[in-house]
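Each remark here refers to the structure printed beneath this line.
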Amino acid sequence: MNEGITAFEKKKVLIERLRSFDSLLVAFSGGTDSSFLLAAAQEALGDRVMAVTACSPVHPRRELDEALAFLDERGIPYTLLESGEMRLPEFLANGPDRCYWCKRDLFRKILSLAREKGISKVAHGANLDDMEDYRPGNRATMELGILAPLLEARLGKEEIRFLSREMGLSTWDRPAGACLATRIPYGRPITMDDLRMVEEAEEFLAGKGFRQFRVRHHGAVARIELEEKDIPEMLSGSLRQETARRLLEIGFLHVALDLGGYRQGALNRALDGKKD
């Protein structure tokens, strides 16, 4: 496909592809990508599209609430699915292939749900930019035959944000999200308590008005990543002391601010062959 075509032309390709399906079940997280895919699918298929949203301790409650609000606003039928990754030894071990085992188990359940509902196709919101990062979960979706219509249409993140805004979607500028397990360095076993600490720490930062951030769990140390423009705000006034006090209350022994700022997939740098 010609990479010089416009975002609007790529959307036409997407809509035509979606219209070729008898029915579609969309794996919906509430993020920018899956929201755009779901809205486009509703435009193409009407009431022949349904959403499925995973819920478990690895998914922040705030993101689940936002996803459900989007579904209710658009009147799209959905199913909440208990993903159950906390019962997978391979996931809890937190190796570099953690996401592969999680996605494989999750999308097997989603495929089973699609069969129960008589839905012919299952899709997720992978886009062109996702191919540039280490995403072992995508290998699982490809093995299972899960469709990636945004990728097929050669749509990247900025195009998806642009088109989402043109469609009037409130999710067009939503910060990048990821499951809470991505805050825990590879090799450190995932526990319910660590997930709780991360979620509570990030809820605190969200309550202070920060939009794009991560709290990485390094055992006794919480390492806060903020966008570079937000670092001075954290260091000024009483917010620094208030943040340290709250994260100590949550259970961390030390609180650090990463001077390099927020970086999506930052923990992947620990993997062989991965660079900044």
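By convention here, the chains of the structure tokens are called A, B, ... in the order presented, each chain's residues are numbered starting at 1, and ligands are numbered starting at 1 in the order presented.
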If we count only C-alpha atoms, what is near range 62-67 of chain A at a cut-off of 9 Å, once residues fewer than 3 positions away on the same chain are taken out, given as a ChimeraX atom specification? /A:28-31,35,53-55,59,70-72,177,203
Excluding range 157-161 of chain A and residues on its chain fewer than 4 positions from it, collect all residues at most 8 Å away from it, counting only C-alpha atoms, and give them as a ChimeraX atom specification. /A:7,32-33,36,127-129,165,172-173
Can you write just those residues out, N, CA and C atoms, as a JSON list (two decimals), in the first residue's frame?
[["chain", "number", "residue", "atom", "x", "y", "z"],
["A", 7, "ALA", "N", -4.68, 10.11, 5.84],
["A", 7, "ALA", "CA", -5.36, 9.41, 6.93],
["A", 7, "ALA", "C", -6.81, 9.13, 6.55],
["A", 32, "THR", "N", -7.13, 4.86, 23.08],
["A", 32, "THR", "CA", -7.36, 5.58, 21.83],
["A", 32, "THR", "C", -7.54, 4.63, 20.65],
["A", 33, "ASP", "N", -6.68, 3.61, 20.55],
["A", 33, "ASP", "CA", -6.69, 2.73, 19.38],
["A", 33, "ASP", "C", -7.95, 1.86, 19.33],
["A", 36, "PHE", "N", -11.12, 3.92, 18.68],
["A", 36, "PHE", "CA", -11.27, 4.29, 17.27],
["A", 36, "PHE", "C", -11.72, 3.09, 16.45],
["A", 127, "ASN", "N", -1.75, -1.22, 15.96],
["A", 127, "ASN", "CA", -1.55, -0.29, 14.85],
["A", 127, "ASN", "C", -0.11, -0.34, 14.36],
["A", 128, "LEU", "N", 0.18, 0.44, 13.35],
["A", 128, "LEU", "CA", 1.48, 0.39, 12.69],
["A", 128, "LEU", "C", 2.63, 0.68, 13.64],
["A", 129, "ASP", "N", 2.44, 1.62, 14.56],
["A", 129, "ASP", "CA", 3.52, 1.99, 15.48],
["A", 129, "ASP", "C", 3.85, 0.87, 16.47],
["A", 165, "ARG", "N", -10.28, 12.53, 16.60],
["A", 165, "ARG", "CA", -10.74, 13.90, 16.87],
["A", 165, "ARG", "C", -11.75, 14.35, 15.81],
["A", 172, "TRP", "N", -9.57, 10.77, 21.75],
["A", 172, "TRP", "CA", -8.55, 11.09, 20.73],
["A", 172, "TRP", "C", -7.19, 11.44, 21.35],
["A", 173, "ASP", "N", -7.19, 12.07, 22.51],
["A", 173, "ASP", "CA", -5.92, 12.45, 23.14],
["A", 173, "ASP", "C", -5.67, 11.71, 24.45]]
DSSP alpha helix (DSSP H) selection over range 67-216 of chain A, as a VMD selection string: chain A and resid 67 to 74 89 to 92 98 to 117 136 to 144 149 to 152 157 to 166 192 to 207
For Ser56 in chain A, please output as a PDB file with C-alpha atoms, in the first residue's frame all residues within 12 Å (counting only C-alpha atoms; exclusion window: fewer than 6 positions along the same chain).
ATOM      1  CA  GLU A  63      -9.353   2.760  32.770  1.00  0.00           C
ATOM      2  CA  LEU A  64     -12.167   0.224  33.088  1.00  0.00           C
ATOM      3  CA  LEU A  80     -16.918  -7.992  30.694  1.00  0.00           C
ATOM      4  CA  LEU A  81     -14.484 -10.889  30.748  1.00  0.00           C
ATOM      5  CA  GLU A  82     -12.452 -11.943  33.779  1.00  0.00           C
ATOM      6  CA  SER A  83      -9.083 -12.415  32.120  1.00  0.00           C
ATOM      7  CA  GLY A  84      -7.518 -14.571  34.832  1.00  0.00           C
ATOM      8  CA  GLU A  85      -3.840 -13.972  34.059  1.00  0.00           C
ATOM      9  CA  MET A  86      -3.074 -14.021  37.787  1.00  0.00           C
ATOM     10  CA  ARG A  87      -3.604 -17.801  37.618  1.00  0.00           C
ATOM     11  CA  CYS A 102      -1.319 -13.367  28.908  1.00  0.00           C
ATOM     12  CA  LEU A 106      -7.051 -13.990  26.986  1.00  0.00           C
ATOM     13  CA  CYS A 179      -1.621  -3.135  32.198  1.00  0.00           C
ATOM     14  CA  LEU A 180      -0.134  -2.621  35.648  1.00  0.00           C
ATOM     15  CA  ALA A 181       2.254  -5.550  35.208  1.00  0.00           C
ATOM     16  CA  MET A 192      -1.291  -8.674  44.075  1.00  0.00           C
ATOM     17  CA  LEU A 195      -0.079  -4.274  41.630  1.00  0.00           C
ATOM     18  CA  ARG A 196      -2.060  -2.586  44.385  1.00  0.00           C
TER      19      ARG A 196
END
Among range 44-195 of chain A, which residues carry a DSSP assignment of strand (DSSP E or B), reported as a PyMOL selection string? chain A and resi 49-55+78-82+121-123+147
Resulting file, chosen residues, all heavy atoms, as an mmCIF file, in the first residue's frame:
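The result, stored in selection.cif:
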data_model
loop_
_atom_site.group_PDB
_atom_site.id
_atom_site.type_symbol
_atom_site.label_atom_id
_atom_site.label_comp_id
_atom_site.auth_asym_id
_atom_site.auth_seq_id
_atom_site.Cartn_x
_atom_site.Cartn_y
_atom_site.Cartn_z
ATOM 1 N N VAL A 49 -21.702 -5.319 15.603
ATOM 2 C CA VAL A 49 -20.436 -5.244 16.322
ATOM 3 C C VAL A 49 -20.700 -5.306 17.820
ATOM 4 O O VAL A 49 -21.709 -4.804 18.313
ATOM 5 C CB VAL A 49 -19.662 -3.952 15.970
ATOM 6 C CG1 VAL A 49 -20.406 -2.715 16.428
ATOM 7 C CG2 VAL A 49 -18.266 -3.977 16.587
ATOM 8 N N MET A 50 -19.788 -5.961 18.521
ATOM 9 C CA MET A 50 -19.877 -6.089 19.978
ATOM 10 C C MET A 50 -18.472 -5.926 20.552
ATOM 11 O O MET A 50 -17.469 -6.189 19.881
ATOM 12 C CB MET A 50 -20.440 -7.469 20.342
ATOM 13 C CG MET A 50 -20.579 -7.717 21.817
ATOM 14 S SD MET A 50 -21.325 -9.363 22.128
ATOM 15 C CE MET A 50 -21.238 -9.417 23.918
ATOM 16 N N ALA A 51 -18.389 -5.444 21.779
ATOM 17 C CA ALA A 51 -17.104 -5.262 22.449
ATOM 18 C C ALA A 51 -16.944 -6.271 23.575
ATOM 19 O O ALA A 51 -17.932 -6.704 24.176
ATOM 20 C CB ALA A 51 -16.993 -3.845 23.006
ATOM 21 N N VAL A 52 -15.699 -6.623 23.850
ATOM 22 C CA VAL A 52 -15.383 -7.418 25.030
ATOM 23 C C VAL A 52 -14.234 -6.720 25.755
ATOM 24 O O VAL A 52 -13.232 -6.336 25.141
ATOM 25 C CB VAL A 52 -15.017 -8.873 24.673
ATOM 26 C CG1 VAL A 52 -13.864 -8.948 23.680
ATOM 27 C CG2 VAL A 52 -14.685 -9.668 25.933
ATOM 28 N N THR A 53 -14.402 -6.507 27.041
ATOM 29 C CA THR A 53 -13.420 -5.784 27.844
ATOM 30 C C THR A 53 -12.948 -6.662 28.995
ATOM 31 O O THR A 53 -13.761 -7.199 29.746
ATOM 32 C CB THR A 53 -14.030 -4.478 28.392
ATOM 33 O OG1 THR A 53 -14.393 -3.636 27.293
ATOM 34 C CG2 THR A 53 -13.046 -3.741 29.285
ATOM 35 N N ALA A 54 -11.636 -6.813 29.081
ATOM 36 C CA ALA A 54 -11.049 -7.637 30.140
ATOM 37 C C ALA A 54 -11.015 -6.868 31.453
ATOM 38 O O ALA A 54 -10.770 -5.655 31.472
ATOM 39 C CB ALA A 54 -9.639 -8.062 29.749
ATOM 40 N N CYS A 55 -11.274 -7.576 32.536
ATOM 41 C CA CYS A 55 -11.154 -6.966 33.860
ATOM 42 C C CYS A 55 -10.419 -7.941 34.779
ATOM 43 O O CYS A 55 -10.673 -9.151 34.744
ATOM 44 C CB CYS A 55 -12.517 -6.591 34.425
ATOM 45 S SG CYS A 55 -13.704 -7.950 34.518
ATOM 46 N N TYR A 78 -21.738 -5.051 25.065
ATOM 47 C CA TYR A 78 -20.413 -5.520 25.481
ATOM 48 C C TYR A 78 -20.534 -6.629 26.517
ATOM 49 O O TYR A 78 -21.575 -6.819 27.149
ATOM 50 C CB TYR A 78 -19.585 -4.368 26.046
ATOM 51 C CG TYR A 78 -20.129 -3.765 27.318
ATOM 52 C CD1 TYR A 78 -19.785 -4.266 28.572
ATOM 53 C CD2 TYR A 78 -21.002 -2.676 27.267
ATOM 54 C CE1 TYR A 78 -20.290 -3.706 29.736
ATOM 55 C CE2 TYR A 78 -21.515 -2.112 28.429
ATOM 56 C CZ TYR A 78 -21.149 -2.630 29.660
ATOM 57 O OH TYR A 78 -21.648 -2.077 30.815
ATOM 58 N N THR A 79 -19.414 -7.319 26.681
ATOM 59 C CA THR A 79 -19.274 -8.326 27.731
ATOM 60 C C THR A 79 -18.008 -8.021 28.518
ATOM 61 O O THR A 79 -16.958 -7.712 27.931
ATOM 62 C CB THR A 79 -19.161 -9.739 27.131
ATOM 63 O OG1 THR A 79 -20.396 -10.093 26.504
ATOM 64 C CG2 THR A 79 -18.842 -10.769 28.205
ATOM 65 N N LEU A 80 -18.104 -8.082 29.843
ATOM 66 C CA LEU A 80 -16.918 -7.992 30.694
ATOM 67 C C LEU A 80 -16.383 -9.404 30.901
ATOM 68 O O LEU A 80 -17.136 -10.311 31.248
ATOM 69 C CB LEU A 80 -17.261 -7.360 32.041
ATOM 70 C CG LEU A 80 -17.556 -5.862 32.046
ATOM 71 C CD1 LEU A 80 -17.891 -5.407 33.456
ATOM 72 C CD2 LEU A 80 -16.387 -5.072 31.493
ATOM 73 N N LEU A 81 -15.096 -9.572 30.681
ATOM 74 C CA LEU A 81 -14.484 -10.889 30.748
ATOM 75 C C LEU A 81 -13.385 -10.904 31.796
ATOM 76 O O LEU A 81 -12.432 -10.114 31.719
ATOM 77 C CB LEU A 81 -13.897 -11.256 29.373
ATOM 78 C CG LEU A 81 -13.219 -12.618 29.248
ATOM 79 C CD1 LEU A 81 -14.236 -13.739 29.443
ATOM 80 C CD2 LEU A 81 -12.543 -12.742 27.889
ATOM 81 N N GLU A 82 -13.518 -11.770 32.786
ATOM 82 C CA GLU A 82 -12.452 -11.943 33.779
ATOM 83 C C GLU A 82 -11.287 -12.631 33.091
ATOM 84 O O GLU A 82 -11.383 -13.780 32.680
ATOM 85 C CB GLU A 82 -12.957 -12.778 34.950
ATOM 86 C CG GLU A 82 -11.893 -13.148 35.971
ATOM 87 C CD GLU A 82 -11.181 -11.941 36.551
ATOM 88 O OE1 GLU A 82 -11.864 -11.005 36.996
ATOM 89 O OE2 GLU A 82 -9.932 -11.935 36.540
ATOM 90 N N LYS A 121 -15.875 -12.863 13.461
ATOM 91 C CA LYS A 121 -14.507 -12.356 13.478
ATOM 92 C C LYS A 121 -14.193 -11.705 14.823
ATOM 93 O O LYS A 121 -15.075 -11.144 15.485
ATOM 94 C CB LYS A 121 -14.281 -11.326 12.367
ATOM 95 C CG LYS A 121 -14.576 -11.833 10.950
ATOM 96 C CD LYS A 121 -13.562 -12.878 10.510
ATOM 97 C CE LYS A 121 -13.842 -13.291 9.065
ATOM 98 N NZ LYS A 121 -12.890 -14.345 8.608
ATOM 99 N N VAL A 122 -12.896 -11.754 15.194
ATOM 100 C CA VAL A 122 -12.405 -11.081 16.398
ATOM 101 C C VAL A 122 -11.249 -10.168 15.989
ATOM 102 O O VAL A 122 -10.369 -10.571 15.220
ATOM 103 C CB VAL A 122 -11.924 -12.093 17.450
ATOM 104 C CG1 VAL A 122 -11.290 -11.373 18.642
ATOM 105 C CG2 VAL A 122 -13.087 -12.974 17.915
ATOM 106 N N ALA A 123 -11.248 -8.944 16.509
ATOM 107 C CA ALA A 123 -10.199 -7.983 16.151
ATOM 108 C C ALA A 123 -9.683 -7.265 17.394
ATOM 109 O O ALA A 123 -10.376 -7.167 18.409
ATOM 110 C CB ALA A 123 -10.733 -6.960 15.145
ATOM 111 N N LEU A 147 -7.660 -10.579 14.138
ATOM 112 C CA LEU A 147 -7.481 -9.557 13.111
ATOM 113 C C LEU A 147 -6.974 -8.245 13.710
ATOM 114 O O LEU A 147 -7.295 -7.904 14.856
ATOM 115 C CB LEU A 147 -8.804 -9.311 12.391
ATOM 116 C CG LEU A 147 -9.436 -10.528 11.709
ATOM 117 C CD1 LEU A 147 -10.786 -10.160 11.116
ATOM 118 C CD2 LEU A 147 -8.513 -11.082 10.631
#
Within 12 Å of His218 in chain A using only C-alpha atoms, minus same-chain residues under 6 positions, as a VMD selection string: chain A and resid 182 to 190 194 to 195 197 to 198 224 252 to 256 267
